Amino acid sequence: MSATTAFLTDSTLCIGCKACEVACKEWNNLGDDGLAWTGFSYDNTAELGHSTWRHVKFVEHPPEIGHGGNSPEVSSWTFSSDVCKHCEEAGCLEACPTGSIVRTEFGGVYVQPDICNGCSYCVVACPFGVVQRNKEDGRAFKCTFCYDRQKAGLTPACAHACPTESIKFGEIEQLRAEAERRLAKLKESGMNDAVLYDPKETSVRGTHAFFLTRGDPRQYNLPLKPEVPTIYTKQGWKSAAIGAGVLAAATMLAFIAGDNR
Amino acid sequence: MKDSALREQLRSEPAEPSLPQRVHRLEEIRREAAHTGRVEGVGVRLAGAPIPVASVETGYYGLPLLKEPQWSWEIPVYFFVGGAAGAAAVIAEFAQMSGAQTELVRDARTVAAVGALLSPALLVSDLGVPSRFLNMLRVFKVQSPMSVGVYIVSAFGPPSVLAMIANRLRGRMPGMMLKMIESSAGLFSALCGLGMATYTGVLIGATAIPVWNKNIDSLPIHFALSGLAAGTAAIQLMGHEESRALNLLGLVASAGESLIGVKLEKAPSPANAPLKKGTSGLITRAGGLLTGPLPLALRIAAAFAGERRSKQIIRMAAASSLAGSLLTRVGWVRAGHRSAQQSNTAASREF
Amino acid sequence: MGTSFGRGGATTAQQDLANSDAILIMGSSMAENHPVGFQWVIEARKRGATIIHVDPRFTRTSAMADIWVPMRSGSDVAFLGGLIHYVLEQGKEFREYVVHYTNAATILRDDVKLPDDLAGIFSGWDEENKKYSPETWLYKDEDPKPDAIKPGHATAGGGHGKDRGGEAGDATKHETDPTLQHPNCVFNVLKRHFARYTPEFVEDVCGVPKEQFLKVAEVFSNASGPEKTAAICYAVGWTQHSNGVQIIRAAAILQLLLGNIGRPGGGILALRGHASIQGSTDIPTLYDILPGYLPMPFWESDAHTLDEYVKRHRSNSGWWSNFEKYIVSLLKAWYGSAATKDNEFGFRWLPRVTGDHSESGYWLDMQDGKMEGLFVMGQNPAVGAANGRLQRTALSKLKWLVVRDFVETETASFWHDSQEIENGELKTEDIATEIFFFPAASHVEKEGSFTNTQRLIQYHEKAIEPPEDCRSETWFLYHLGRRLKEKAKAEPIARNAGLNALTWDYPTEGPIREPVVDAIVSEINGYKTASGELVREYTELEADGSTACGCWIYSGVHPKPGHNLANQRKPKDYLGHGWGFCWPSDRRILYNRASARPDGKPWSERKKLVWWDESKRQWTGQDVPDFGKETPPDYRPDRKAEGIKRIAGDQPFIMHPDGVGWLWVSSGLKDGPLPTHYEPLEAVVENRLYPQRASNPPAEKKQRPDNPYGYSLDKRFPYILTTYRLTEHHTAGGMSRSLPHLSELQPELFCEISPEMANEIGIRHGEYATIMSPRGIIEARAMITSRMRPLKVQGRWVHEVGLPYHWGRRGLAKGDTVNDLLAISEEPNVRIMETKALVCDIRPGRRPRGKAALDELNAKMRQTA
Ligand SMILES: Nc1nc2c(c(=O)[nH]1)N[C@H]1C(S)=C(S)[C@@H](COP(=O)(O)OP(=O)(O)OC[C@H]3O[C@@H](n4cnc5c(=O)[nH]c(N)nc54)[C@H](O)[C@@H]3O)O[C@H]1N2
Ligand SMILES: Nc1nc2c(c(=O)[nH]1)N[C@H]1C(S)=C(S)[C@@H](COP(=O)(O)OP(=O)(O)OC[C@H]3O[C@@H](n4cnc5c(=O)[nH]c(N)nc54)[C@H](O)[C@@H]3O)O[C@H]1N2
Ligand code: SF4
Ligand code: SF4
Ligand code: SF4
Ligand code: SF4
Ligand code: SF4
Ligand SMILES: [Mo]
């Protein structure tokens, strides 16, 4: 059993260079997702998807003279590199009917491209809007956690390319501790709006890709309370049973009550 | 990201406040900044607006947090066909058991069997890699409604078809054997049919899509009734307008759908907005109307009308139910899309 | 930097930034354009350093800084002058360092006049010829030089070489006043000169609120002293101004005053651009220097004999006393056995500079039909160079054009796809230029080296064979040379003598006869002509023809056969010794003798780097000492000492004849001994200091009908225009706009404007805007962002339009070419164009297409105020 690994993406160190995004595309041979200018700050790829497995977000607030982005008082322009969260309880993995999505020996959530049949059920089951089907290819894709590289003892391409160690890769518990230390340090320096995003209290039970960001995670489209949707199946089957009961009972009664012409 | 989608995004920003308002707000913010050393959120429609912003209110530039469902047209149609066929299987079985008209049983079996054949075809054709349909049968995952569903669909097909064939053959060559085959296959088909009519509600309910997820409690019942309405209607239109049992069933289904419609209309949750607003709202509401109040009223009216007239009215009610059931499925799937599009944090989700 | 410290390169290594206590990044967006080096800034931040970014825009670098101060483009000298004023006013200078290691104590001539005395010019200005005579800037008691070796530049010269006479020639003759009391000592002249650069002045001129300026001044000066050091990083945000060199001078003065040069965590880091742009000045692609910063001989004055040339450029004391060894060794490397003492080692075969052959110079010549052909290798001037319209129309006047690149760039496509074809100015069928496009091998497809920003030579091997007809530069140039020589041999006319004498015998290998790069590196390193034995260092070079060396500063890079130090891959220490080779002699921090006190002990334990080891009687430490290894701190030269022996044991700036860093530069600069504030060539406000002198007097506008300017404070163009880079693209875009993974990241040209400005011109986010300058008209998507902000300058709000300049008509991500707006202009010393501060007008909506675009521009130019 190999060590469980994880990412700590620290947006307070990120310079928004997008090297991670490009390195991921290069390594995994992904295409571009269209040449559209969005006007969303410097972000023109907008979101994670089947052809973007790392994505750098740019959040702007009006800066103030005398304060750089590292000033604890004002958060003016932050960059945060997003990726599949590799959830402890992964919606996509739970939902996948083919068993294409598996948990690897490194603890990552991996879509096996030779099994996936493109039913797209994982797409609606991911509470973070990560995995997506490639319409041309037919199958679903997302970050592989560089399973191939990890297998070969290499660091994932995105972390390897990051010039500022904004993406840290390592053993999960060590990284969690590191994240806590870093958070404490930021708070100590007065950066009170720093938060560690790792939804452990919800049914997701934590992730293998946690994020240090400034300000409310919702501005980065990180949901406050993500849930693994399959926790609702019990409830669903219960009402399905009721539905079936109603259907059967109604039919039976109708045929009893009705004449048998 | 497509340029057109982005353009829409830019346009859908709230209306731009007047120039003095903007300047005023900007000054206010600068003062606040000078005074307190910081400003909470962006909160200002700056000059040159709409400028997309990333904030707690809008999420990341108002972009969806969730991915839209990627199912094609086959899926809502499958929901409709599968639901109707499932209900028809149940009807056929009870009809046979209660000794109903042989034509009715035969037609019910036909609806069930045709639906049972169409369903997997629709499902397979929706797949990104259709040739890998069988991959779904490699594993069985209770926690995945899709997995459970695939087994239900697969199990529903053979007995439904067998029951129909047995039924048809019995018309030509009587025999105990065939009857036994029909009734046991029929029973199995009916049991699966119950699953067919309901599981799709669980399937979409147990997802991250807010409008589906929020309604997981009522969706399977809703879909069961919708299936019942459609199944009943389909059989009736094959010349069974006068079957009292079917008419009763139709009444029950449309009454139930009306109740569910009222419940949905009254639900305050913002997650339900796609069921009421926009194209998806229009379709679901139309679907609701056509399966609920309209056929209900028609069927009641039919009870008081003369025989010929009544038959016509029943036909109208049945057609309405069929169309309504189809629209309901289309509407719900569309609502799922809309819901995902609006999933930029606070706007539609309560988290 | 060359004039202030002695060598024209970054004084420190990027790794060393981690030791800084404060880093001022100004004139660069380091995080965006040097992201890998920026990790050391982040490291310093983690260790508690304060990062300050001064930039008109809030950039990705500002986002990493602790302090961001927006400043109006083109007001850098005012800001830095303000810092110098603050240091002098508050007595924050590092006294001991200043007294011993700079020329602060040197006394100047009585007749030198400052711009405050002469309404904006220094003494020595020749209004008619628009140039200075630096005579009065000399140290007091300096002998006037005979005409032949008069200080100052040749008219046509650039400023890249050590082009100087023997100013400060006789170090023992200068009067100094170590108490710094003498009214005409450099220190007091400095005080007088910067007296007007008060915080109020900075606020008025730069638009930086006084308190914010003082915050920067305080943080930066408090991070300097014996226990602390602060560094400055700059790039083209400083250089590409009509007074660019003087901006860097101001930084040099500040760092010398604060004692930040030659010390760990200190220094000035010139962030260079292209992968080997430092290398391309060391072994130059420039017209005015030879390898190792030896000046190119000029037609007019110094070019007649080797003797005259050497006399003019050699100095009696300091390192340049060795000048003759380097030029003779270079000539031996080039002309081999044909170079003998009798024929002045072939000096007369060297081509002579006859005029301004800088890029702007020859491009104007081209436009005027004076050029027949052009090689463009690794450049895309149709997009990257100023005044795009002139660039492209000039190309159409050539008889032939050779472009070597990976893709068909805009420079290669001007004849069928260009703005001028679109607007009808050029017609394909009328263009007679014959164009040859050669596919180039990329750096992974060939062997060679890069010399990066910190003078570090790094070698790379070939990873894959170049595909098909792609060839390396070495292949192309070697075989081109070979064929030319073959032709010349058949034609033994006088003009061909040099070509015939040239050694051109590099061994080749493989089926395509690729030259062996190792042989070239060996020649650059230098060898003994008799035995062919490689030299170990440039100290072994001789002036008698017994050594040959292709570039003396690189000497030592390949000291033994099979021993290419540029190819070392195992760093041993934090400065990276063991990784690559850093010229000169693998010194990572220049002038590092200054990291020790005059008595040879470190200034402090925390900031020690190189010190005198009394027991071993030599300099030792973490870096290769930039000093005579065995020259003790108490060494004092006697009156007759010559050359390097003239430098005392406590004088760290060994390249300078007087061994100290120059707060005052008595010659070597064409626009004054001290920096002073001038507005850009095109300005939106008047010069607060000298209303009579708007811009740098000797800067050349090259104004002509095809390179027009507006009139002064032109109301038709009320906004400042500044240009810059994005991380996602590379310069003129040939290498990035053709790649999908980069193109999608920044697919379209946009302009950055403040909400206030958007309000003023009525433009909305995401829509197109049309931007015009006197030279061009383009369109760009409007990015409205509070990262841009209006600044209050001289009582009114000044708005700035920001434009990244990477786009052109080819490739995947297409867009208008920003440089169509720019003017060809020349900073007087290095002849660089002004790209960072010009004027423009902007209106909502797209620009007209075709000829209508030109019509709109012409209509605009016809408007009067
Ligand atoms: N990703 C990427 N990296 C690159 C390049 C690239 O194209 N892409 N190019 C390389 C090359 S060739 C070079 S030369 C370097 C250049 O590196 P930089 O000098 O960092 O490049 P720029 O972005 O042109 O300009 C830097 C900053 O100057 C600011 N500025 C504008 N006007 C003024 C002014 O008047 N004063 C001051 N102080 N600042 C001003 C701009 O806002 C900008 O933020 O980068 C190199 N690195
Ligand atoms: N407005 C404005 N204009 C500017 C600047 C600015 O800040 N503002 N900055 C200026 C600066 S600092 C610079 S450096 C210039 C850059 O301007 P250019 O040098 O004209 O632009 P590049 O795109 O870097 O051109 C280099 C070309 O070389 C090709 N190439 C790369 N490697 C090789 C090789 O090994 N062999 C050959 N033969 N070709 C190769 C690339 O494909 C590319 O097309 O732009 C200048 N222009
Ligand atoms: S983030 Fe989504 S795709 Fe990634 S593991 Fe979690 S549920 Fe699966
Ligand atoms: S699309 Fe592929 S990975 Fe996703 S649920 Fe279906 S089979 Fe599994
Ligand atoms: S881990 Fe690998 S696949 Fe995942 S984002 Fe990083 S580079 Fe891409
Ligand atoms: S590579 Fe690192 S610094 Fe660059 S954008 Fe990605 S996370 Fe940020
Ligand atoms: S592009 Fe190359 S030279 Fe520039 S920062 Fe990145 S790695 Fe360094
Ligand atoms: Mo550059």
# chains A, B, ... in the order shown; residues from 1 in each chain; ligands from 1
call {"tool": "interface_residues", "arguments": {"of": "chain C", "to": "chain A", "cutoff": "7 Å", "atoms": "only C-alpha atoms", "output": "list in words"}}
result
Ala31, Glu32, Pro35, Val36, Gln39, Arg60, Ser62, Ala63, Met64, Ala65, Asp66, Ile67, Trp68, Val69, Pro70, Gln212, Thr727, Pro740, His741, Ser743, Glu744, Leu745, Gln746, Pro747, Glu748, Gly766, Met783, Ser786 and Arg787 of chain C
call {"tool": "residues_near_ligand", "arguments": {"ligand": "ligand 4", "cutoff": "8 Å", "atoms": "only C-alpha atoms and all ligand atoms", "output": "PyMOL selection string"}}
result
(chain A and resi 92-93+95-101+111-113+115-123+131-133+139-141) or (chain B and resi 128+135-136)
call {"tool": "atom_distance", "arguments": {"atom1": "CA of Met164 (chain B)", "atom2": "CA of Arg109 (chain B)"}}
result
5.1 Å
call {"tool": "residues_near_ligand", "arguments": {"ligand": "ligand 2", "cutoff": "7 Å", "atoms": "only C-alpha atoms and all ligand atoms", "output": "ChimeraX atom specification"}}
result
/C:236,273-274,377-381,383-386,404-407,409,440-443,472-473,723-725,730-735,805,818-819,822,835-836
call {"tool": "residues_around", "arguments": {"residues": "Lys701 (chain C)", "least_positions_apart": "3", "cutoff": "8 Å", "atoms": "only C-alpha atoms", "output": "list in words"}}
result
Leu681, Ile824, Ser825 and Glu826 of chain C
call {"tool": "write_last_selection", "arguments": {"atoms": "N, CA, C and O atoms", "output": "CSV table (one decimal), in the first residue's frame"}}
result
chain,number,residue,atom,x,y,z
C,681,LEU,N,9.1,61.8,-24.1
C,681,LEU,CA,9.1,62.5,-25.4
C,681,LEU,C,7.7,63.0,-25.7
C,681,LEU,O,7.5,64.1,-26.3
C,824,ILE,N,9.2,55.4,-33.3
C,824,ILE,CA,10.7,55.1,-33.2
C,824,ILE,C,11.3,56.3,-32.5
C,824,ILE,O,11.1,57.4,-32.9
C,825,SER,N,12.1,56.0,-31.5
C,825,SER,CA,12.8,57.1,-30.8
C,825,SER,C,14.1,56.5,-30.2
C,825,SER,O,14.2,55.3,-30.1
C,826,GLU,N,15.0,57.3,-29.8
C,826,GLU,CA,16.2,56.8,-29.3
C,826,GLU,C,16.7,57.5,-28.0
C,826,GLU,O,16.8,58.7,-27.9
call {"tool": "select_by_dssp", "arguments": {"residues": "region 614-796 of chain C", "states": "strand (DSSP E)", "output": "VMD selection string"}}
result
chain C and resid 618 to 621 719 to 724 750 to 753 768 to 772 777 to 784 791 to 793 796
call {"tool": "residues_around", "arguments": {"residues": "Ala6 (chain A)", "least_positions_apart": "5", "cutoff": "9 Å", "atoms": "only C-alpha atoms", "output": "ChimeraX atom specification"}}
result
/A:86,106-108,145,168-173,175-176,207-210
call {"tool": "atom_distance", "arguments": {"atom1": "CA of Leu286 (chain C)", "atom2": "CA of Asn33 (chain C)"}}
result
23.6 Å
call {"tool": "residues_around", "arguments": {"residues": "Arg716 (chain C)", "least_positions_apart": "2", "cutoff": "12 Å", "atoms": "only C-alpha atoms", "output": "VMD selection string"}}
result
chain C and resid 684 709 to 714 718 to 720 771 to 774 839 to 843 857 859 to 865
call {"tool": "write_last_selection", "arguments": {"atoms": "C-alpha atoms", "output": "PDB file, in the first residue's frame"}}
result
ATOM      1  CA  VAL C 684       0.500  64.826 -20.958  1.00  0.00           C
ATOM      2  CA  TYR C 709       4.569  63.078 -33.084  1.00  0.00           C
ATOM      3  CA  GLY C 710       1.826  65.289 -31.779  1.00  0.00           C
ATOM      4  CA  TYR C 711       2.612  68.760 -30.559  1.00  0.00           C
ATOM      5  CA  SER C 712       3.524  69.416 -26.975  1.00  0.00           C
ATOM      6  CA  LEU C 713       0.723  68.586 -24.500  1.00  0.00           C
ATOM      7  CA  ASP C 714      -1.419  67.585 -27.457  1.00  0.00           C
ATOM      8  CA  PRO C 718      -4.978  63.331 -23.669  1.00  0.00           C
ATOM      9  CA  TYR C 719      -4.200  59.922 -22.164  1.00  0.00           C
ATOM     10  CA  ILE C 720      -0.976  58.197 -21.254  1.00  0.00           C
ATOM     11  CA  ILE C 771      -7.116  53.530 -29.595  1.00  0.00           C
ATOM     12  CA  MET C 772      -5.197  56.074 -31.597  1.00  0.00           C
ATOM     13  CA  SER C 773      -1.809  57.689 -31.431  1.00  0.00           C
ATOM     14  CA  PRO C 774      -0.258  60.043 -33.965  1.00  0.00           C
ATOM     15  CA  VAL C 839       0.142  59.466 -25.517  1.00  0.00           C
ATOM     16  CA  CYS C 840      -3.073  58.245 -27.071  1.00  0.00           C
ATOM     17  CA  ASP C 841      -6.756  58.822 -27.467  1.00  0.00           C
ATOM     18  CA  ILE C 842      -9.435  56.228 -26.992  1.00  0.00           C
ATOM     19  CA  ARG C 843     -13.068  55.951 -27.956  1.00  0.00           C
ATOM     20  CA  LEU C 857      -6.430  58.512 -38.244  1.00  0.00           C
ATOM     21  CA  ALA C 859      -8.834  63.043 -39.904  1.00  0.00           C
ATOM     22  CA  LYS C 860      -7.753  62.957 -36.287  1.00  0.00           C
ATOM     23  CA  MET C 861      -4.349  64.340 -37.158  1.00  0.00           C
ATOM     24  CA  ARG C 862      -5.918  67.161 -39.096  1.00  0.00           C
ATOM     25  CA  GLN C 863      -7.912  68.251 -36.069  1.00  0.00           C
ATOM     26  CA  THR C 864      -6.652  71.235 -34.200  1.00  0.00           C
ATOM     27  CA  ALA C 865      -7.046  71.996 -30.542  1.00  0.00           C
TER      28      ALA C 865
END
call {"tool": "interface_residues", "arguments": {"of": "chain C", "to": "chain B", "cutoff": "9 Å", "atoms": "only C-alpha atoms", "output": "list in words"}}
result
Ser754, Pro755, Glu756, Met757, Ala758, Asn759, Glu760, Gly762, Ile763, Arg764, His765, Gly766, Met783, Ile784, Thr785 and Ser786 of chain C
call {"tool": "write_last_selection", "arguments": {"atoms": "all heavy atoms", "output": "tab-separated table (two decimals), in the first residue's frame"}}
result
chain	number	residue	atom	x	y	z
C	754	SER	N	-9.14	52.30	-16.11
C	754	SER	CA	-9.78	52.41	-14.80
C	754	SER	C	-11.26	52.68	-14.96
C	754	SER	O	-11.71	53.19	-15.99
C	754	SER	CB	-9.14	53.54	-14.01
C	754	SER	OG	-9.49	54.77	-14.60
C	755	PRO	N	-12.05	52.33	-13.94
C	755	PRO	CA	-13.48	52.62	-13.99
C	755	PRO	C	-13.74	54.10	-14.19
C	755	PRO	O	-14.65	54.49	-14.94
C	755	PRO	CB	-14.00	52.17	-12.63
C	755	PRO	CG	-12.98	51.22	-12.12
C	755	PRO	CD	-11.68	51.63	-12.72
C	756	GLU	N	-12.93	54.92	-13.55
C	756	GLU	CA	-13.12	56.36	-13.67
C	756	GLU	C	-12.95	56.81	-15.12
C	756	GLU	O	-13.69	57.63	-15.64
C	756	GLU	CB	-12.11	57.11	-12.79
C	756	GLU	CG	-12.32	56.94	-11.29
C	756	GLU	CD	-11.66	55.68	-10.74
C	756	GLU	OE1	-11.24	54.81	-11.55
C	756	GLU	OE2	-11.56	55.55	-9.51
C	757	MET	N	-11.95	56.22	-15.77
C	757	MET	CA	-11.69	56.59	-17.15
C	757	MET	C	-12.81	56.05	-18.06
C	757	MET	O	-13.26	56.74	-18.97
C	757	MET	CB	-10.36	56.00	-17.56
C	757	MET	CG	-10.00	56.39	-18.95
C	757	MET	SD	-8.32	55.93	-19.29
C	757	MET	CE	-8.32	56.27	-21.01
C	758	ALA	N	-13.25	54.83	-17.76
C	758	ALA	CA	-14.34	54.24	-18.54
C	758	ALA	C	-15.54	55.16	-18.47
C	758	ALA	O	-16.25	55.38	-19.46
C	758	ALA	CB	-14.69	52.87	-17.98
C	759	ASN	N	-15.73	55.71	-17.30
C	759	ASN	CA	-16.81	56.62	-17.07
C	759	ASN	C	-16.66	57.86	-17.95
C	759	ASN	O	-17.61	58.31	-18.60
C	759	ASN	CB	-16.75	57.03	-15.59
C	759	ASN	CG	-18.06	57.55	-15.11
C	759	ASN	OD1	-19.02	57.56	-15.86
C	759	ASN	ND2	-18.08	57.97	-13.88
C	760	GLU	N	-15.45	58.35	-17.99
C	760	GLU	CA	-15.19	59.58	-18.74
C	760	GLU	C	-15.43	59.38	-20.22
C	760	GLU	O	-16.00	60.25	-20.88
C	760	GLU	CB	-13.74	59.99	-18.48
C	760	GLU	CG	-13.42	61.40	-18.93
C	760	GLU	CD	-12.02	61.81	-18.48
C	760	GLU	OE1	-11.78	61.82	-17.26
C	760	GLU	OE2	-11.20	62.11	-19.35
C	762	GLY	N	-17.11	56.77	-21.56
C	762	GLY	CA	-18.35	56.07	-21.83
C	762	GLY	C	-18.16	54.71	-22.46
C	762	GLY	O	-18.78	54.36	-23.46
C	763	ILE	N	-17.28	53.95	-21.91
C	763	ILE	CA	-17.04	52.63	-22.49
C	763	ILE	C	-17.40	51.57	-21.48
C	763	ILE	O	-17.28	51.77	-20.27
C	763	ILE	CB	-15.58	52.51	-22.93
C	763	ILE	CG1	-15.42	51.32	-23.85
C	763	ILE	CG2	-14.63	52.39	-21.77
C	763	ILE	CD1	-14.13	51.31	-24.56
C	764	ARG	N	-17.86	50.43	-21.98
C	764	ARG	CA	-18.29	49.36	-21.08
C	764	ARG	C	-17.35	48.17	-21.17
C	764	ARG	O	-16.77	47.90	-22.21
C	764	ARG	CB	-19.72	48.94	-21.41
C	764	ARG	CG	-20.74	49.98	-20.93
C	764	ARG	CD	-22.04	49.83	-21.68
C	764	ARG	NE	-22.63	48.52	-21.46
C	764	ARG	CZ	-23.71	48.29	-20.71
C	764	ARG	NH1	-24.32	49.28	-20.12
C	764	ARG	NH2	-24.18	47.07	-20.58
C	765	HIS	N	-17.28	47.49	-20.08
C	765	HIS	CA	-16.41	46.32	-19.97
C	765	HIS	C	-16.72	45.30	-21.06
C	765	HIS	O	-17.88	44.98	-21.30
C	765	HIS	CB	-16.62	45.69	-18.60
C	765	HIS	CG	-15.71	44.53	-18.32
C	765	HIS	ND1	-14.45	44.69	-17.83
C	765	HIS	CD2	-15.87	43.19	-18.47
C	765	HIS	CE1	-13.87	43.51	-17.67
C	765	HIS	NE2	-14.72	42.58	-18.06
C	766	GLY	N	-15.70	44.77	-21.67
C	766	GLY	CA	-15.89	43.70	-22.64
C	766	GLY	C	-16.15	44.18	-24.05
C	766	GLY	O	-16.05	43.42	-25.00
C	783	MET	N	-10.92	46.12	-20.85
C	783	MET	CA	-10.90	45.47	-19.54
C	783	MET	C	-10.93	46.60	-18.51
C	783	MET	O	-9.95	47.32	-18.35
C	783	MET	CB	-9.64	44.62	-19.41
C	783	MET	CG	-9.21	44.28	-18.00
C	783	MET	SD	-9.76	42.68	-17.40
C	783	MET	CE	-8.94	41.54	-18.47
C	784	ILE	N	-12.08	46.75	-17.90
C	784	ILE	CA	-12.22	47.83	-16.94
C	784	ILE	C	-11.95	47.30	-15.55
C	784	ILE	O	-12.58	46.33	-15.12
C	784	ILE	CB	-13.61	48.48	-17.07
C	784	ILE	CG1	-13.65	49.15	-18.43
C	784	ILE	CG2	-13.85	49.48	-15.96
C	784	ILE	CD1	-15.00	49.46	-18.90
C	785	THR	N	-10.96	47.85	-14.92
C	785	THR	CA	-10.53	47.27	-13.67
C	785	THR	C	-9.98	48.32	-12.73
C	785	THR	O	-9.28	49.25	-13.17
C	785	THR	CB	-9.46	46.17	-13.93
C	785	THR	OG1	-8.83	45.86	-12.69
C	785	THR	CG2	-8.41	46.63	-14.92
C	786	SER	N	-10.25	48.14	-11.47
C	786	SER	CA	-9.70	49.10	-10.50
C	786	SER	C	-8.23	48.85	-10.24
C	786	SER	O	-7.63	49.53	-9.41
C	786	SER	CB	-10.49	49.09	-9.19
C	786	SER	OG	-11.47	48.12	-9.18
call {"tool": "residues_near_ligand", "arguments": {"ligand": "ligand 5", "cutoff": "7 Å", "atoms": "only C-alpha atoms and all ligand atoms", "output": "list of chain:residue names"}}
result
A:Cys20, A:Ala23, A:Cys24, A:Lys25, A:Trp27, A:Asn28, A:Trp53, A:Arg54, A:Val83, A:Cys143, A:Thr144, A:Phe145, A:Cys146, A:Pro156, A:Ala157, A:Cys158, A:Ala159
call {"tool": "residues_around", "arguments": {"residues": "Val195 (chain A)", "least_positions_apart": "6", "cutoff": "12 Å", "atoms": "only C-alpha atoms", "output": "list in words"}}
result
Thr9, Asp10, Ser11, Thr12, Ala179, Glu180, Arg182, Leu183, Ala184, Lys185, Leu186, Lys187, Phe210, Phe211, Leu212, Thr213, Arg214, Gly215, Asp216, Pro217, Arg218, Leu222 and Leu224 of chain A
call {"tool": "select_by_dssp", "arguments": {"residues": "region 41-85 of chain B", "states": "alpha helix (DSSP H)", "output": "list in words"}}
result
Glu74, Ile75, Pro76, Val77, Tyr78, Phe79, Phe80, Val81, Gly82, Gly83, Ala84 and Ala85 of chain B
call {"tool": "closest_residue", "arguments": {"among": "A:Glu188, A:Glu88, A:Asp82, A:Asp137", "to": "chain B", "atoms": "only C-alpha atoms"}}
result
A:Asp137
